[in-house]
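Student: So that you have it, the file is model_6.cif, and it contains mmCIF, C-alpha atoms:
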data_run
loop_
_atom_site.group_PDB
_atom_site.id
_atom_site.type_symbol
_atom_site.label_atom_id
_atom_site.label_comp_id
_atom_site.auth_asym_id
_atom_site.auth_seq_id
_atom_site.Cartn_x
_atom_site.Cartn_y
_atom_site.Cartn_z
ATOM 1 C CA MET A 1 -25.822 -282.572 94.484
ATOM 2 C CA LYS A 2 -26.780 -279.096 95.761
ATOM 3 C CA THR A 3 -24.511 -276.281 94.542
ATOM 4 C CA SER A 4 -23.034 -273.946 97.199
ATOM 5 C CA HIS A 5 -23.953 -270.252 96.926
ATOM 6 C CA LEU A 6 -20.740 -269.179 98.702
ATOM 7 C CA THR A 7 -18.363 -267.044 96.567
ATOM 8 C CA SER A 8 -14.576 -267.506 96.425
ATOM 9 C CA PRO A 9 -13.790 -264.489 98.671
ATOM 10 C CA GLN A 10 -16.119 -265.873 101.355
ATOM 11 C CA LEU A 11 -14.424 -269.254 101.174
ATOM 12 C CA SER A 12 -10.973 -267.681 101.347
ATOM 13 C CA ARG A 13 -11.785 -265.667 104.472
ATOM 14 C CA ARG A 14 -13.295 -268.706 106.195
ATOM 15 C CA HIS A 15 -10.299 -270.867 105.399
ATOM 16 C CA LEU A 16 -7.896 -268.147 106.540
ATOM 17 C CA LEU A 17 -9.653 -267.816 109.882
ATOM 18 C CA LEU A 18 -9.631 -271.571 110.395
ATOM 19 C CA GLY A 19 -5.969 -271.743 109.421
ATOM 20 C CA ALA A 20 -4.980 -268.953 111.779
ATOM 21 C CA ALA A 21 -6.735 -270.676 114.670
ATOM 22 C CA SER A 22 -4.737 -273.832 114.037
ATOM 23 C CA LEU A 23 -1.306 -272.080 114.097
ATOM 24 C CA PRO A 24 0.948 -272.903 117.056
ATOM 25 C CA VAL A 25 0.904 -270.202 119.738
ATOM 26 C CA ALA A 26 4.703 -269.880 119.517
ATOM 27 C CA ALA A 27 4.461 -268.668 115.915
ATOM 28 C CA SER A 28 2.977 -265.362 117.037
ATOM 29 C CA LEU A 29 5.342 -264.771 119.960
ATOM 30 C CA PRO A 30 8.110 -262.863 118.104
ATOM 31 C CA PHE A 31 5.585 -260.208 117.147
ATOM 32 C CA ALA A 32 3.965 -259.990 120.561
ATOM 33 C CA ALA A 33 7.280 -259.911 122.447
ATOM 34 C CA ARG A 34 9.100 -257.406 120.206
ATOM 35 C CA ALA A 35 10.146 -254.352 122.225
ATOM 36 C CA GLU A 36 8.980 -250.894 121.214
ATOM 37 C CA ALA A 37 11.626 -248.734 119.520
ATOM 38 C CA PRO A 38 13.301 -246.505 122.133
ATOM 39 C CA MET A 39 12.946 -242.723 122.122
ATOM 40 C CA MET A 40 16.170 -241.318 120.703
ATOM 41 C CA GLY A 41 15.814 -237.668 121.719
ATOM 42 C CA ALA A 42 15.912 -234.643 119.441
ATOM 43 C CA GLY A 43 19.053 -234.205 117.392
ATOM 44 C CA PHE A 44 20.701 -233.300 114.100
ATOM 45 C CA ALA A 45 24.165 -233.465 112.566
ATOM 46 C CA PRO A 46 26.500 -230.884 114.165
ATOM 47 C CA TYR A 47 27.932 -229.669 110.861
ATOM 48 C CA ARG A 48 26.925 -228.596 107.362
ATOM 49 C CA ARG A 49 29.380 -228.533 104.473
ATOM 50 C CA PHE A 50 28.905 -226.830 101.121
ATOM 51 C CA LYS A 51 30.873 -225.486 98.174
ATOM 52 C CA LEU A 52 31.512 -221.796 97.585
ATOM 53 C CA GLY A 53 33.283 -221.672 94.244
ATOM 54 C CA ALA A 54 36.602 -223.450 94.862
ATOM 55 C CA PHE A 55 36.221 -223.109 98.640
ATOM 56 C CA GLU A 56 34.650 -225.679 100.918
ATOM 57 C CA VAL A 57 32.746 -224.139 103.843
ATOM 58 C CA THR A 58 31.659 -226.067 106.937
ATOM 59 C CA THR A 59 29.512 -224.654 109.715
ATOM 60 C CA LEU A 60 30.153 -226.348 113.066
ATOM 61 C CA LEU A 61 27.666 -226.504 115.924
ATOM 62 C CA ALA A 62 29.929 -226.092 118.951
ATOM 63 C CA GLY A 63 26.991 -225.788 121.365
ATOM 64 C CA THR A 64 23.336 -224.853 121.812
ATOM 65 C CA ARG A 65 21.191 -223.994 124.817
ATOM 66 C CA THR A 66 17.783 -222.631 125.746
ATOM 67 C CA VAL A 67 17.879 -219.164 127.312
ATOM 68 C CA PRO A 68 14.907 -217.901 129.352
ATOM 69 C CA ASP A 69 13.358 -214.435 129.083
ATOM 70 C CA PRO A 70 15.004 -213.220 125.846
ATOM 71 C CA HIS A 71 13.465 -209.773 126.268
ATOM 72 C CA THR A 72 16.149 -209.097 128.872
ATOM 73 C CA ILE A 73 18.670 -209.527 126.021
ATOM 74 C CA PHE A 74 16.904 -208.352 122.833
ATOM 75 C CA GLY A 75 14.707 -205.327 122.321
ATOM 76 C CA LEU A 76 15.744 -203.484 125.465
ATOM 77 C CA ASN A 77 14.095 -200.385 124.000
ATOM 78 C CA ALA A 78 10.881 -202.251 123.073
ATOM 79 C CA THR A 79 7.842 -202.741 125.272
ATOM 80 C CA ASP A 80 6.797 -206.159 126.546
ATOM 81 C CA GLU A 81 3.796 -205.975 124.210
ATOM 82 C CA GLU A 82 5.962 -205.201 121.166
ATOM 83 C CA PHE A 83 8.346 -208.016 122.003
ATOM 84 C CA ALA A 84 5.549 -210.532 122.532
ATOM 85 C CA ALA A 85 3.878 -209.483 119.260
ATOM 86 C CA ALA A 86 7.127 -209.895 117.292
ATOM 87 C CA SER A 87 7.661 -213.342 118.807
ATOM 88 C CA GLU A 88 4.138 -214.585 118.206
ATOM 89 C CA ALA A 89 4.109 -213.286 114.615
ATOM 90 C CA ASN A 90 7.119 -215.513 113.931
ATOM 91 C CA PHE A 91 5.833 -218.598 115.794
ATOM 92 C CA ILE A 92 8.439 -218.440 118.556
ATOM 93 C CA PRO A 93 7.732 -218.179 122.284
ATOM 94 C CA PRO A 94 8.441 -214.821 123.924
ATOM 95 C CA GLU A 95 9.528 -216.483 127.173
ATOM 96 C CA ALA A 96 12.518 -218.460 125.811
ATOM 97 C CA ALA A 97 15.007 -218.474 122.934
ATOM 98 C CA GLN A 98 17.364 -221.119 121.591
ATOM 99 C CA PHE A 99 20.968 -219.965 121.298
ATOM 100 C CA PHE A 100 23.361 -221.541 118.785
ATOM 101 C CA PHE A 101 27.158 -221.213 118.721
ATOM 102 C CA THR A 102 28.485 -221.805 115.216
ATOM 103 C CA PRO A 103 32.163 -221.456 114.295
ATOM 104 C CA THR A 104 32.914 -221.755 110.575
ATOM 105 C CA LEU A 105 35.656 -223.720 108.846
ATOM 106 C CA VAL A 106 36.842 -222.636 105.386
ATOM 107 C CA ASN A 107 39.053 -224.878 103.267
ATOM 108 C CA THR A 108 40.584 -222.758 100.522
ATOM 109 C CA GLY A 109 42.390 -225.716 98.968
ATOM 110 C CA SER A 110 45.681 -224.636 100.510
ATOM 111 C CA ASP A 111 44.630 -223.520 103.997
ATOM 112 C CA LEU A 112 42.107 -224.755 106.547
ATOM 113 C CA ILE A 113 40.877 -221.660 108.385
ATOM 114 C CA LEU A 114 38.656 -221.707 111.484
ATOM 115 C CA PHE A 115 36.600 -218.624 112.324
ATOM 116 C CA ASP A 116 35.931 -218.519 116.104
ATOM 117 C CA THR A 117 36.198 -221.405 118.547
ATOM 118 C CA GLY A 118 32.993 -221.720 120.561
ATOM 119 C CA LEU A 119 32.467 -221.812 124.301
ATOM 120 C CA ALA A 120 35.023 -224.446 125.277
ATOM 121 C CA PRO A 121 37.592 -226.812 123.767
ATOM 122 C CA ASP A 122 35.442 -229.941 124.080
ATOM 123 C CA GLY A 123 32.611 -228.388 122.043
ATOM 124 C CA ILE A 124 34.709 -227.266 119.099
ATOM 125 C CA VAL A 125 36.834 -230.442 119.072
ATOM 126 C CA ALA A 126 33.687 -232.618 119.044
ATOM 127 C CA ALA A 127 32.138 -230.576 116.212
ATOM 128 C CA LEU A 128 35.348 -230.800 114.198
ATOM 129 C CA ALA A 129 35.481 -234.557 114.740
ATOM 130 C CA ALA A 130 31.883 -234.970 113.575
ATOM 131 C CA ALA A 131 32.824 -233.098 110.386
ATOM 132 C CA GLY A 132 35.893 -235.279 109.854
ATOM 133 C CA TYR A 133 38.683 -232.985 111.090
ATOM 134 C CA THR A 134 41.191 -232.863 113.928
ATOM 135 C CA PRO A 135 42.418 -229.655 115.616
ATOM 136 C CA ASP A 136 45.976 -230.160 114.372
ATOM 137 C CA GLN A 137 44.745 -229.849 110.762
ATOM 138 C CA VAL A 138 43.688 -226.219 111.294
ATOM 139 C CA ASP A 139 46.203 -223.847 109.685
ATOM 140 C CA ARG A 140 44.787 -220.575 110.999
ATOM 141 C CA VAL A 141 42.299 -219.490 113.665
ATOM 142 C CA VAL A 142 40.548 -216.157 113.074
ATOM 143 C CA ILE A 143 38.783 -214.496 116.016
ATOM 144 C CA THR A 144 35.991 -212.138 114.958
ATOM 145 C CA HIS A 145 35.776 -210.649 118.457
ATOM 146 C CA MET A 146 36.725 -211.619 121.984
ATOM 147 C CA HIS A 147 33.505 -212.495 123.771
ATOM 148 C CA GLY A 148 33.830 -215.719 125.724
ATOM 149 C CA ASP A 149 31.641 -217.780 123.389
ATOM 150 C CA HIS A 150 34.054 -217.043 120.521
ATOM 151 C CA ILE A 151 37.424 -217.508 122.252
ATOM 152 C CA GLY A 152 36.503 -220.243 124.737
ATOM 153 C CA GLY A 153 37.808 -223.131 122.618
ATOM 154 C CA ILE A 154 41.165 -221.671 121.633
ATOM 155 C CA TYR A 155 43.256 -222.552 124.690
ATOM 156 C CA ALA A 156 43.203 -225.028 127.593
ATOM 157 C CA GLU A 157 46.557 -225.141 129.417
ATOM 158 C CA ALA A 158 48.013 -225.456 125.919
ATOM 159 C CA PRO A 159 46.916 -224.291 122.468
ATOM 160 C CA VAL A 160 44.017 -226.420 121.218
ATOM 161 C CA PHE A 161 45.084 -225.828 117.594
ATOM 162 C CA ALA A 162 48.739 -226.731 117.911
ATOM 163 C CA ASN A 163 49.753 -226.005 114.314
ATOM 164 C CA ALA A 164 47.689 -222.861 113.735
ATOM 165 C CA ALA A 165 48.558 -219.242 113.170
ATOM 166 C CA TYR A 166 46.141 -216.633 114.597
ATOM 167 C CA SER A 167 44.416 -213.478 113.369
ATOM 168 C CA THR A 168 42.067 -210.871 114.835
ATOM 169 C CA GLY A 169 41.239 -207.191 114.393
ATOM 170 C CA SER A 170 43.796 -204.681 115.658
ATOM 171 C CA VAL A 171 41.135 -202.501 117.303
ATOM 172 C CA GLU A 172 39.687 -205.562 119.029
ATOM 173 C CA MET A 173 43.065 -206.692 120.352
ATOM 174 C CA ASP A 174 43.903 -203.211 121.628
ATOM 175 C CA TYR A 175 40.596 -202.931 123.476
ATOM 176 C CA TRP A 176 40.719 -206.300 125.241
ATOM 177 C CA ASP A 177 44.438 -206.024 125.972
ATOM 178 C CA MET A 178 43.634 -203.124 128.309
ATOM 179 C CA SER A 179 40.362 -204.477 129.696
ATOM 180 C CA GLY A 180 41.527 -206.755 132.505
ATOM 181 C CA ASN A 181 38.972 -209.314 131.294
ATOM 182 C CA ASP A 182 39.443 -212.793 132.804
ATOM 183 C CA GLY A 183 38.488 -214.577 129.587
ATOM 184 C CA PHE A 184 41.043 -212.612 127.587
ATOM 185 C CA GLU A 185 43.746 -213.273 130.158
ATOM 186 C CA ALA A 186 43.038 -217.025 130.185
ATOM 187 C CA LYS A 187 42.442 -217.643 126.487
ATOM 188 C CA ILE A 188 44.173 -214.957 124.411
ATOM 189 C CA ARG A 189 47.036 -213.612 126.519
ATOM 190 C CA PRO A 190 49.070 -216.862 126.259
ATOM 191 C CA LEU A 191 48.860 -216.631 122.444
ATOM 192 C CA GLN A 192 48.842 -212.856 122.021
ATOM 193 C CA ASP A 193 52.305 -212.524 120.498
ATOM 194 C CA GLN A 194 51.348 -215.019 117.763
ATOM 195 C CA PHE A 195 48.397 -212.979 116.408
ATOM 196 C CA ASP A 196 48.416 -211.175 113.083
ATOM 197 C CA LEU A 197 46.361 -207.990 113.422
ATOM 198 C CA LEU A 198 43.795 -207.085 110.768
ATOM 199 C CA GLU A 199 42.403 -203.810 109.484
ATOM 200 C CA GLU A 200 39.534 -203.054 107.092
ATOM 201 C CA GLY A 201 40.412 -204.750 103.804
ATOM 202 C CA SER A 202 43.135 -207.026 105.226
ATOM 203 C CA GLU A 203 43.383 -210.391 103.493
ATOM 204 C CA VAL A 204 43.331 -213.471 105.707
ATOM 205 C CA ALA A 205 43.920 -215.561 102.600
ATOM 206 C CA SER A 206 43.267 -215.001 98.918
ATOM 207 C CA GLY A 207 39.532 -214.341 98.590
ATOM 208 C CA ILE A 208 38.924 -213.754 102.329
ATOM 209 C CA THR A 209 38.812 -210.090 103.348
ATOM 210 C CA ALA A 210 38.270 -208.449 106.745
ATOM 211 C CA MET A 211 35.391 -205.976 107.156
ATOM 212 C CA GLU A 212 34.920 -203.532 110.020
ATOM 213 C CA ALA A 213 31.623 -204.323 111.743
ATOM 214 C CA PHE A 214 32.072 -202.347 114.939
ATOM 215 C CA GLY A 215 29.484 -201.907 117.690
ATOM 216 C CA HIS A 216 28.873 -205.347 119.142
ATOM 217 C CA THR A 217 32.409 -204.968 120.473
ATOM 218 C CA PRO A 218 34.730 -202.032 119.762
ATOM 219 C CA GLY A 219 36.649 -203.937 117.076
ATOM 220 C CA HIS A 220 34.195 -206.623 115.929
ATOM 221 C CA MET A 221 35.045 -207.899 112.442
ATOM 222 C CA ALA A 222 33.053 -209.633 109.712
ATOM 223 C CA PHE A 223 34.620 -211.332 106.682
ATOM 224 C CA HIS A 224 33.828 -211.318 102.980
ATOM 225 C CA LEU A 225 34.496 -214.557 101.091
ATOM 226 C CA GLU A 226 34.643 -214.725 97.301
ATOM 227 C CA SER A 227 35.671 -217.649 95.105
ATOM 228 C CA GLU A 228 34.933 -218.143 91.415
ATOM 229 C CA GLY A 229 32.297 -215.400 91.544
ATOM 230 C CA LYS A 230 30.491 -216.873 94.587
ATOM 231 C CA ARG A 231 30.224 -214.643 97.649
ATOM 232 C CA LEU A 232 29.454 -215.155 101.331
ATOM 233 C CA ILE A 233 29.587 -212.972 104.431
ATOM 234 C CA LEU A 234 30.770 -214.416 107.731
ATOM 235 C CA GLY A 235 28.783 -212.022 109.880
ATOM 236 C CA ALA A 236 29.694 -213.284 113.356
ATOM 237 C CA ASP A 237 27.619 -211.247 115.862
ATOM 238 C CA PHE A 238 26.620 -208.194 113.833
ATOM 239 C CA ALA A 239 23.100 -209.687 114.218
ATOM 240 C CA ASN A 240 22.360 -212.075 117.085
ATOM 241 C CA HIS A 241 18.836 -213.314 116.357
ATOM 242 C CA TYR A 242 17.082 -214.154 113.112
ATOM 243 C CA VAL A 243 13.881 -212.302 114.099
ATOM 244 C CA TYR A 244 14.719 -209.724 116.750
ATOM 245 C CA SER A 245 17.862 -208.482 114.941
ATOM 246 C CA LEU A 246 16.558 -208.498 111.361
ATOM 247 C CA ALA A 247 12.903 -207.534 111.671
ATOM 248 C CA HIS A 248 13.896 -204.954 114.300
ATOM 249 C CA PRO A 249 17.477 -203.853 113.521
ATOM 250 C CA ASP A 250 17.185 -200.812 115.806
ATOM 251 C CA TRP A 251 16.231 -202.863 118.850
ATOM 252 C CA GLU A 252 18.976 -202.641 121.452
ATOM 253 C CA VAL A 253 20.864 -205.783 122.421
ATOM 254 C CA LEU A 254 22.259 -206.298 125.915
ATOM 255 C CA TYR A 255 25.624 -207.562 124.661
ATOM 256 C CA ASP A 256 26.260 -204.749 122.172
ATOM 257 C CA ALA A 257 28.977 -202.538 123.650
ATOM 258 C CA ASP A 258 27.963 -199.487 121.593
ATOM 259 C CA LYS A 259 24.275 -199.955 120.865
ATOM 260 C CA ALA A 260 23.909 -197.054 118.416
ATOM 261 C CA THR A 261 26.957 -198.107 116.372
ATOM 262 C CA ALA A 262 25.825 -201.754 116.429
ATOM 263 C CA ALA A 263 22.442 -200.751 114.984
ATOM 264 C CA GLN A 264 24.140 -198.718 112.228
ATOM 265 C CA THR A 265 26.389 -201.693 111.409
ATOM 266 C CA ARG A 266 23.387 -204.031 111.280
ATOM 267 C CA ARG A 267 21.547 -201.828 108.830
ATOM 268 C CA LYS A 268 24.638 -201.314 106.665
ATOM 269 C CA LEU A 269 25.394 -205.028 106.343
ATOM 270 C CA LEU A 270 21.758 -206.080 105.979
ATOM 271 C CA ASP A 271 21.202 -203.445 103.274
ATOM 272 C CA MET A 272 24.247 -204.704 101.363
ATOM 273 C CA MET A 273 23.339 -208.401 101.635
ATOM 274 C CA ALA A 274 19.725 -207.792 100.638
ATOM 275 C CA ALA A 275 20.672 -205.607 97.660
ATOM 276 C CA ASP A 276 23.424 -207.940 96.413
ATOM 277 C CA ARG A 277 21.578 -211.164 97.370
ATOM 278 C CA VAL A 278 24.685 -212.376 99.200
ATOM 279 C CA PRO A 279 24.160 -215.183 101.724
ATOM 280 C CA PHE A 280 25.615 -214.956 105.201
ATOM 281 C CA ILE A 281 26.562 -217.140 108.132
ATOM 282 C CA GLY A 282 25.504 -215.694 111.468
ATOM 283 C CA TYR A 283 27.178 -217.167 114.531
ATOM 284 C CA HIS A 284 23.906 -217.291 116.472
ATOM 285 C CA MET A 285 21.452 -217.913 113.636
ATOM 286 C CA PRO A 286 19.428 -221.167 113.790
ATOM 287 C CA PHE A 287 21.795 -223.974 112.840
ATOM 288 C CA PRO A 288 23.173 -224.574 110.211
ATOM 289 C CA ALA A 289 23.354 -220.767 110.412
ATOM 290 C CA LEU A 290 23.300 -220.070 106.663
ATOM 291 C CA GLY A 291 20.700 -217.765 105.164
ATOM 292 C CA TYR A 292 19.754 -214.778 103.043
ATOM 293 C CA VAL A 293 18.328 -211.339 103.730
ATOM 294 C CA ARG A 294 15.137 -209.983 102.196
ATOM 295 C CA ALA A 295 14.424 -206.251 102.516
ATOM 296 C CA GLN A 296 10.873 -205.329 103.520
ATOM 297 C CA ASP A 297 10.298 -201.595 103.667
ATOM 298 C CA SER A 298 12.700 -200.344 106.366
ATOM 299 C CA VAL A 299 13.303 -203.738 107.984
ATOM 300 C CA PHE A 300 14.492 -207.177 106.929
ATOM 301 C CA GLU A 301 13.499 -210.832 106.867
ATOM 302 C CA TYR A 302 15.769 -213.843 107.382
ATOM 303 C CA VAL A 303 15.424 -216.489 104.653
ATOM 304 C CA PRO A 304 17.094 -219.771 105.698
ATOM 305 C CA ALA A 305 19.144 -221.451 102.983
ATOM 306 C CA SER A 306 17.589 -224.569 101.501
ATOM 307 C CA TYR A 307 19.193 -226.258 98.479
ATOM 308 C CA GLN A 308 20.883 -223.271 96.834
ATOM 309 C CA THR A 309 24.426 -224.398 97.660
ATOM 310 C CA MET A 310 23.726 -227.911 96.323
ATOM 311 C CA ILE A 311 23.208 -226.669 92.764
ATOM 312 C CA GLU A 312 26.268 -226.092 90.615
ATOM 313 C CA SER A 313 26.032 -223.034 88.392
#
Spell out the structure here as structure tokens.
Tutor:
Amino acid sequence: MKTSHLTSPQLSRRHLLLGAASLPVAASLPFAARAEAPMMGAGFAPYRRFKLGAFEVTTLLAGTRTVPDPHTIFGLNATDEEFAAASEANFIPPEAAQFFFTPTLVNTGSDLILFDTGLAPDGIVAALAAAGYTPDQVDRVVITHMHGDHIGGIYAEAPVFANAAYSTGSVEMDYWDMSGNDGFEAKIRPLQDQFDLLEEGSEVASGITAMEAFGHTPGHMAFHLESEGKRLILGADFANHYVYSLAHPDWEVLYDADKATAAQTRRKLLDMMAADRVPFIGYHMPFPALGYVRAQDSVFEYVPASYQTMIES
């Protein structure tokens, strides 16, 4: 008998090919007929929750949109070339910017406090629901300032936060009370008598202190949080963009009521946060809106938070 010179691998491949050819056609149909996975669209969770000492802090994405031609908003005193160079150096397009609207919820253990309310009731209610809350659980609503994207979710024919008390800065309330502004009349006027008015150093709750951050509006307020040695600044709109406001704090912003004072406030707060290494939440920073400030010569760099708040220390 003649011995075959074929090796085992060659025999295995031959037998596999023969076996595959003999399989019923129907056996391969489930694979051939399986539909492609559908495109889901871009997305991410509309909240981020983390511990700050004994506090629990949740940022809530109440809305986001693309805004064309950001140079008509930021860097009004910069040339087109300077604006384009700043954008390209940070890998963002100069012809569009993404705006984020991020109220913040702070659970102190005894009070659930909401800072700002977004553009409209449906946005803030949906963000709260995604994070596991209902509007009637909110004990206090704090308004940092009275631009429409901060007060829009507070009232809709009835108070959205039915069980809440309200706070805002006294200077801010006085200014808008006399302004004749439609947004104020629709959203704040029905609740005006229920507001507690804050000054520099006023306590919203134990560990939560009001800070004057004037310029963006006449009475714009920021808030300092401290619990068990952990600190955080709720900066609201003292800085509106993570590049244009930090790398260029003296650039003028369309929505700043007093542009010179707003620039001074930016530098003061950025200097403090960089020196003390205190994180901040910026209402319009890229969601989840939590980051740090690094000083670089006479300007600053935004450092997005990564896992710092996940580590107990």
Student: If I put a ball of radius 6 Å at (21.3, -208.3, 119.1) in the file's coordinates, which residues poke into it when counting all atoms listed in the file, written as a PyMOL selection string?
Tutor: chain A and resi 74+239-240+245+253
Student: Using all atoms listed in the file, which of A:Asp116, A:Glu95, A:Asp80, A:Glu56 sits nearest Pro68 in chain A?
Tutor: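 Checking each of A:Asp116, A:Glu95, A:Asp80, A:Glu56 against Pro68 in chain A, counting all atoms listed in the file, the winner is A:Glu95.
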Student: Just the residues within 12 Å of Pro288 in chain A, please, counting only C-alpha atoms, with nothing from its chain fewer than 3 positions along; format it as a ChimeraX atom specification.
Tutor: /A:44-50,57-64,100-104,280-285,291,304-306
Student: Suppose a student applies the PyMOL selection byres ((chain A and resi 144) around 7) to this structure; what residues should they get, written as a PyMOL selection string?
Tutor: chain A and resi 116+142-143+145+168+220-222+236
Student: Hey, can you check how far CA of Tyr292 in chain A sits from CA of Pro279 in chain A?
Tutor: 4.6 Å
Student: Which residues would end up in the selection if the PyMOL selection byres ((chain A and resi 209) around 9) were applied here, given that I need the answer as a PyMOL selection string?
Tutor: chain A and resi 200-208+210-211+222-226
Student: Evaluate the PyMOL selection byres ((chain A and resi 296) around 12) on the structure here and hand back the selected residues as a ChimeraX atom specification.
Tutor: /A:246-248,270-271,274-275,293-295,297-302
